[in-house]
Amino acid sequence: MTKPLFAGCFILLLLNVGDVECRGHRGRDEDDDPEYKLFVFGDAAADTGNSPHTGGQISQGSRAWYYPYGISDDDNDNRPSGRFSDGLVQSDFLARILGYDESPPPFADYRPRRRSNSVDPSGMNFANASAGVWYEVPKVSEQVDQFTRLVNDGAITREDLEDSVALVAVSGRDYWRITDSNDNIYTGMFAFLVTEEMVRVVKHLQDAGVGKVLVNTLPPLGCTPATARSAGYGRCDQRGNDLSDAHNKYLNEKLGKKDGVLLLDVHAAVNNLLGSEEFRQQRSRPCCEARDARNGYCGQPGGSTMCRDPEDYFYWDDRNPTSAGWKAVMQQLQTPVMDFLGIQTRNNL
Ligand SMILES: *[C@@H]1O[C@H](CO)[C@@H](O)[C@H](O)[C@H]1NC(C)=O
């Protein structure tokens with residue numbers, strides 16, 4: 001898509017035809033929409049290649065670099081790319097809303113050159129699948145440190161930040177270990193502290209000069225396959241859902257009315273989709289399932305099974321949505337994002 005557009009632009013420029021703007025965006029040559037740079041923070045919901053390979057050894061943590069991850073990803077040769085999905089993830093679909101083909105490149109691929117250390121014009125993705133917010137390390141705040149170092153080095157300029165948008169995509173790693181806790185006071189305090197740290201992250205981004213910040217609400221934790229497996233995937237676990245409800249309540253109180261911040265209601269979108277025609281057949285059942293619930297993982301050699309058609313499933317593995325799942329979530333959120341950012345052109349996701 002991008003290359004023919006560029007070639008066409010180039011020819012028009014040579015012919016010196018009037019007011020031609022040449023931008024490497026899909027459908028961006030005819031509209032006045034702001035050209036946003038995207039900076040991405042968070043966990044597996046948004047990571048497009050920052051989690052480590054661990055030297056050719058497949059493991060729970062490095063599984064996104066191995067089959068069958070990426071099998072539906074036509075844009076990346078149907079090969080694993082470090083995304084925790086059969087295809088694209090949330091940051092890719094957000095990038096499409098902004099007019100790009102996919103997420104800006106991962107920080108892991110950043111190689112400053114001697115003549116120019118500037119980052120890709122589309123922005124940069126710092127999200128790291130293994131990240132937590134307050135309890136789990138590495139923390140999302142470390143990604144913000146990576147970002148601010150690039151700002152201080154001049155690799156990301158004031159100009160870059162003028163029309164910039166950040167995504168903070170947190171899906172709840174901090175809560176994994178306490179999903180079976182029955183202590184409401186403890187879990188409430190926990191959610192208070194996690195969201196407090198998220199407020200700090202947002203503040204640091206705004207202090208660094210980011211104009212607009214999108215913050216995910218937490219998806220219903222009791223509906224993720226890892227939690228719903230014990231009930232045969234047929235229904236969600238109430239304890240797990242109580243945790244995400246507590247988190248989202250605080251998030252709304254603390255960030256819901258903040259200037260320059262939009263809460264992206266991933267929670268509502270996922271809830272809608274789990275009960276919908278599109279994915280209803282399978283509910284919380286993942287497409288790729290480990291035989292051993294405790295120690296196994298999707299892609300484990302000889303230890304996992306894969307469904308026939310990932311498009312029928314909302315969940316891809318025990319924690320993460322399929323590409324079709326993320327696409328459907330972002331289709332639901334496209335209008336609020338466009339309104340918030342003042343984007344007129346509705347791109348196909
Ligand atoms: C992502 O986090 C892991 C730690 O779990 C770390 O080893 C890796 O370097 C991080 N990736 C980047 C690009 O910083």
# chains A, B, ... in the order shown; residues from 1 in each chain; ligands from 1

$ residues_near_ligand --ligand "ligand 1" --cutoff "12 Å" --atoms "only C-alpha atoms and all ligand atoms" --output "JSON, numbers by chain"
{"A": [41, 42, 43, 44, 47, 48, 49, 50, 51, 52, 53, 54, 55, 60, 61, 62, 82, 105, 106, 107, 108, 109, 110, 111, 124, 125, 126, 127, 128, 129, 130, 131, 132, 136, 137, 138, 139, 140, 141, 142, 143, 144, 145, 146, 147]}

$ atom_distance --atom1 "atom CA of A:Arg229" --atom2 "atom CA of A:Tyr315"
12.1 Å

$ select_by_dssp --residues "stretch 78-292 of chain A" --states "helix (DSSP H, G or I)" --output "PyMOL selection string"
chain A and resi 90-97+107-109+140-152+158-162+173-178+184-208+221-223+225-231+238-255+266-274

$ closest_residue --among "A:Gly234, A:Pro321, A:Gly211, A:Gly172" --to "A:Ala191" --atoms "only C-alpha atoms"
A:Gly172

$ closest_atom_pairs --of "stretch 172-225 of chain A" --to "stretch 263-272 of chain A" --cutoff "12 Å" --atoms "only C-alpha atoms" --output "Markdown table"
| residue | atom | partner | partner_atom | distance |
| --- | --- | --- | --- | --- |
| A:Gly172 | CA | A:His267 | CA | 11.6 |
| A:Met198 | CA | A:Leu263 | CA | 11.9 |
| A:Val199 | CA | A:Leu263 | CA | 11.9 |
| A:Val202 | CA | A:Leu263 | CA | 11.4 |
| A:Lys212 | CA | A:Leu263 | CA | 11.1 |
| A:Val213 | CA | A:Leu263 | CA | 8.5 |
| A:Leu214 | CA | A:Leu263 | CA | 5.9 |
| A:Val215 | CA | A:Leu263 | CA | 4.8 |
| A:Asn216 | CA | A:Leu264 | CA | 4.7 |
| A:Thr217 | CA | A:Asp265 | CA | 5.2 |
| A:Leu218 | CA | A:His267 | CA | 5.6 |
| A:Pro219 | CA | A:His267 | CA | 4.1 |
| A:Pro220 | CA | A:His267 | CA | 5.9 |
| A:Leu221 | CA | A:His267 | CA | 9.3 |
| A:Gly222 | CA | A:Asn271 | CA | 11.0 |
| A:Cys223 | CA | A:Asn271 | CA | 8.8 |
| A:Thr224 | CA | A:Val270 | CA | 10.3 |

$ write_last_selection --atoms "N, CA, C and O atoms" --output "PDB file, in the first residue's frame"
ATOM      1  N   GLY A 172      -2.984  -6.432  33.160  1.00  0.00           N
ATOM      2  CA  GLY A 172      -3.255  -7.008  34.479  1.00  0.00           C
ATOM      3  C   GLY A 172      -2.294  -8.044  35.022  1.00  0.00           C
ATOM      4  O   GLY A 172      -2.622  -8.795  35.930  1.00  0.00           O
ATOM      5  N   MET A 198      -0.145   3.894  37.831  1.00  0.00           N
ATOM      6  CA  MET A 198      -0.532   4.243  36.453  1.00  0.00           C
ATOM      7  C   MET A 198      -0.711   5.749  36.301  1.00  0.00           C
ATOM      8  O   MET A 198      -0.375   6.324  35.257  1.00  0.00           O
ATOM      9  N   VAL A 199      -1.223   6.384  37.334  1.00  0.00           N
ATOM     10  CA  VAL A 199      -1.348   7.847  37.311  1.00  0.00           C
ATOM     11  C   VAL A 199       0.033   8.482  37.166  1.00  0.00           C
ATOM     12  O   VAL A 199       0.224   9.435  36.402  1.00  0.00           O
ATOM     13  N   VAL A 202       1.279   8.155  33.578  1.00  0.00           N
ATOM     14  CA  VAL A 202       0.620   9.134  32.706  1.00  0.00           C
ATOM     15  C   VAL A 202       1.213  10.521  32.925  1.00  0.00           C
ATOM     16  O   VAL A 202       1.490  11.265  31.982  1.00  0.00           O
ATOM     17  N   LYS A 212      -1.410  13.616  23.963  1.00  0.00           N
ATOM     18  CA  LYS A 212      -2.626  12.856  24.269  1.00  0.00           C
ATOM     19  C   LYS A 212      -2.241  11.460  24.748  1.00  0.00           C
ATOM     20  O   LYS A 212      -1.358  10.831  24.179  1.00  0.00           O
ATOM     21  N   VAL A 213      -2.944  11.014  25.770  1.00  0.00           N
ATOM     22  CA  VAL A 213      -2.632   9.698  26.326  1.00  0.00           C
ATOM     23  C   VAL A 213      -3.886   8.837  26.363  1.00  0.00           C
ATOM     24  O   VAL A 213      -4.923   9.245  26.884  1.00  0.00           O
ATOM     25  N   LEU A 214      -3.783   7.652  25.774  1.00  0.00           N
ATOM     26  CA  LEU A 214      -4.861   6.674  25.821  1.00  0.00           C
ATOM     27  C   LEU A 214      -4.491   5.614  26.847  1.00  0.00           C
ATOM     28  O   LEU A 214      -3.390   5.085  26.822  1.00  0.00           O
ATOM     29  N   VAL A 215      -5.420   5.323  27.746  1.00  0.00           N
ATOM     30  CA  VAL A 215      -5.145   4.345  28.807  1.00  0.00           C
ATOM     31  C   VAL A 215      -6.215   3.255  28.766  1.00  0.00           C
ATOM     32  O   VAL A 215      -7.411   3.553  28.884  1.00  0.00           O
ATOM     33  N   ASN A 216      -5.787   2.013  28.599  1.00  0.00           N
ATOM     34  CA  ASN A 216      -6.747   0.901  28.587  1.00  0.00           C
ATOM     35  C   ASN A 216      -7.371   0.687  29.953  1.00  0.00           C
ATOM     36  O   ASN A 216      -6.675   0.742  30.966  1.00  0.00           O
ATOM     37  N   THR A 217      -8.672   0.389  29.959  1.00  0.00           N
ATOM     38  CA  THR A 217      -9.208  -0.219  31.177  1.00  0.00           C
ATOM     39  C   THR A 217      -8.812  -1.700  31.146  1.00  0.00           C
ATOM     40  O   THR A 217      -8.422  -2.233  30.103  1.00  0.00           O
ATOM     41  N   LEU A 218      -8.872  -2.329  32.297  1.00  0.00           N
ATOM     42  CA  LEU A 218      -8.458  -3.728  32.405  1.00  0.00           C
ATOM     43  C   LEU A 218      -9.560  -4.631  31.864  1.00  0.00           C
ATOM     44  O   LEU A 218     -10.722  -4.465  32.222  1.00  0.00           O
ATOM     45  N   PRO A 219      -9.192  -5.581  31.006  1.00  0.00           N
ATOM     46  CA  PRO A 219     -10.220  -6.529  30.541  1.00  0.00           C
ATOM     47  C   PRO A 219     -10.706  -7.392  31.710  1.00  0.00           C
ATOM     48  O   PRO A 219     -10.032  -7.468  32.734  1.00  0.00           O
ATOM     49  N   PRO A 220     -11.866  -8.014  31.576  1.00  0.00           N
ATOM     50  CA  PRO A 220     -12.381  -8.842  32.673  1.00  0.00           C
ATOM     51  C   PRO A 220     -11.452 -10.030  32.952  1.00  0.00           C
ATOM     52  O   PRO A 220     -11.408 -10.983  32.174  1.00  0.00           O
ATOM     53  N   LEU A 221     -10.698  -9.933  34.049  1.00  0.00           N
ATOM     54  CA  LEU A 221      -9.660 -10.940  34.315  1.00  0.00           C
ATOM     55  C   LEU A 221     -10.228 -12.334  34.514  1.00  0.00           C
ATOM     56  O   LEU A 221      -9.585 -13.328  34.195  1.00  0.00           O
ATOM     57  N   GLY A 222     -11.455 -12.413  35.031  1.00  0.00           N
ATOM     58  CA  GLY A 222     -12.055 -13.732  35.270  1.00  0.00           C
ATOM     59  C   GLY A 222     -12.451 -14.455  33.995  1.00  0.00           C
ATOM     60  O   GLY A 222     -12.810 -15.634  34.027  1.00  0.00           O
ATOM     61  N   CYS A 223     -12.426 -13.736  32.869  1.00  0.00           N
ATOM     62  CA  CYS A 223     -12.813 -14.359  31.599  1.00  0.00           C
ATOM     63  C   CYS A 223     -11.608 -14.837  30.803  1.00  0.00           C
ATOM     64  O   CYS A 223     -11.769 -15.522  29.792  1.00  0.00           O
ATOM     65  N   THR A 224     -10.379 -14.468  31.209  1.00  0.00           N
ATOM     66  CA  THR A 224      -9.217 -14.955  30.463  1.00  0.00           C
ATOM     67  C   THR A 224      -9.152 -16.471  30.630  1.00  0.00           C
ATOM     68  O   THR A 224      -9.475 -17.007  31.692  1.00  0.00           O
TER      69      THR A 224
END

$ select_by_dssp --residues "stretch 192-345 of chain A" --states "strand (DSSP E)" --output "number ranges by chain"
A: 212-216, 261-264, 288-290, 304-306

$ closest_residue --among "A:Asp180, A:Asp317, A:Asp245, A:Glu35" --to "A:Ile97" --atoms "only C-alpha atoms"
A:Glu35

$ closest_residue --among "A:Asp74, A:Asn117, A:Leu273, A:Cys236" --to "A:Gln332" --atoms "only C-alpha atoms"
A:Leu273

$ closest_residue --among "A:Thr305, A:Asn248, A:Thr227, A:Asn320" --to "A:Gly87" --atoms "only C-alpha atoms"
A:Asn320

$ residues_around --residues "A:Gly325" --least-positions-apart "2" --cutoff "12 Å" --atoms "only C-alpha atoms" --output "PyMOL selection string"
chain A and resi 45+85-90+93+266+269-274+276+278-280+283-284+286-287+310-317+320-323+327-332

$ atom_distance --atom1 "atom CA of A:Arg285" --atom2 "atom CA of A:Gln334"
26.0 Å

$ closest_residue --among "A:Val210, A:Ser81, A:Val337, A:Arg235" --to "A:Glu159" --atoms "only C-alpha atoms"
A:Val210

$ atom_distance --atom1 "atom CA of A:Arg346" --atom2 "atom CA of A:Gly209"
26.8 Å

$ closest_residue --among "A:Val40, A:Leu243, A:Cys307, A:Leu251" --to "A:Thr187" --atoms "only C-alpha atoms"
A:Leu243

$ residues_around --residues "stretch 77-80 of chain A" --least-positions-apart "5" --cutoff "8 Å" --atoms "only C-alpha atoms" --output "NGL selection string"
:A and (64-72 or 87)

$ write_last_selection --atoms "N, CA, C and O atoms" --output "mmCIF file, in the first residue's frame"
data_model
loop_
_atom_site.group_PDB
_atom_site.id
_atom_site.type_symbol
_atom_site.label_atom_id
_atom_site.label_comp_id
_atom_site.auth_asym_id
_atom_site.auth_seq_id
_atom_site.Cartn_x
_atom_site.Cartn_y
_atom_site.Cartn_z
ATOM 1 N N ALA A 64 6.319 -16.140 22.018
ATOM 2 C CA ALA A 64 5.812 -15.306 20.922
ATOM 3 C C ALA A 64 6.763 -15.252 19.730
ATOM 4 O O ALA A 64 6.411 -14.735 18.671
ATOM 5 N N TRP A 65 7.977 -15.766 19.894
ATOM 6 C CA TRP A 65 8.942 -15.788 18.789
ATOM 7 C C TRP A 65 8.931 -17.126 18.066
ATOM 8 O O TRP A 65 9.818 -17.409 17.259
ATOM 9 N N TYR A 66 7.961 -17.971 18.391
ATOM 10 C CA TYR A 66 7.935 -19.319 17.815
ATOM 11 C C TYR A 66 6.551 -19.683 17.299
ATOM 12 O O TYR A 66 5.542 -19.105 17.724
ATOM 13 N N TYR A 67 6.518 -20.670 16.391
ATOM 14 C CA TYR A 67 5.279 -21.254 15.924
ATOM 15 C C TYR A 67 4.460 -21.718 17.121
ATOM 16 O O TYR A 67 5.027 -22.227 18.065
ATOM 17 N N PRO A 68 3.134 -21.587 17.090
ATOM 18 C CA PRO A 68 2.300 -21.065 16.009
ATOM 19 C C PRO A 68 1.973 -19.580 16.137
ATOM 20 O O PRO A 68 1.026 -19.109 15.517
ATOM 21 N N TYR A 69 2.729 -18.819 16.922
ATOM 22 C CA TYR A 69 2.495 -17.365 16.998
ATOM 23 C C TYR A 69 2.730 -16.756 15.623
ATOM 24 O O TYR A 69 3.650 -17.171 14.904
ATOM 25 N N GLY A 70 1.884 -15.839 15.242
ATOM 26 C CA GLY A 70 2.048 -15.150 13.963
ATOM 27 C C GLY A 70 1.476 -15.859 12.745
ATOM 28 O O GLY A 70 1.536 -15.321 11.643
ATOM 29 N N ILE A 71 0.878 -17.046 12.929
ATOM 30 C CA ILE A 71 0.444 -17.798 11.737
ATOM 31 C C ILE A 71 -0.612 -17.091 10.898
ATOM 32 O O ILE A 71 -0.731 -17.363 9.715
ATOM 33 N N SER A 72 -1.399 -16.192 11.495
ATOM 34 C CA SER A 72 -2.419 -15.500 10.686
ATOM 35 C C SER A 72 -1.928 -14.141 10.204
ATOM 36 O O SER A 72 -2.699 -13.367 9.631
ATOM 37 N N GLY A 87 -1.619 -13.013 15.106
ATOM 38 C CA GLY A 87 -1.415 -11.956 14.115
ATOM 39 C C GLY A 87 -1.064 -10.654 14.788
ATOM 40 O O GLY A 87 -0.102 -10.585 15.549
#
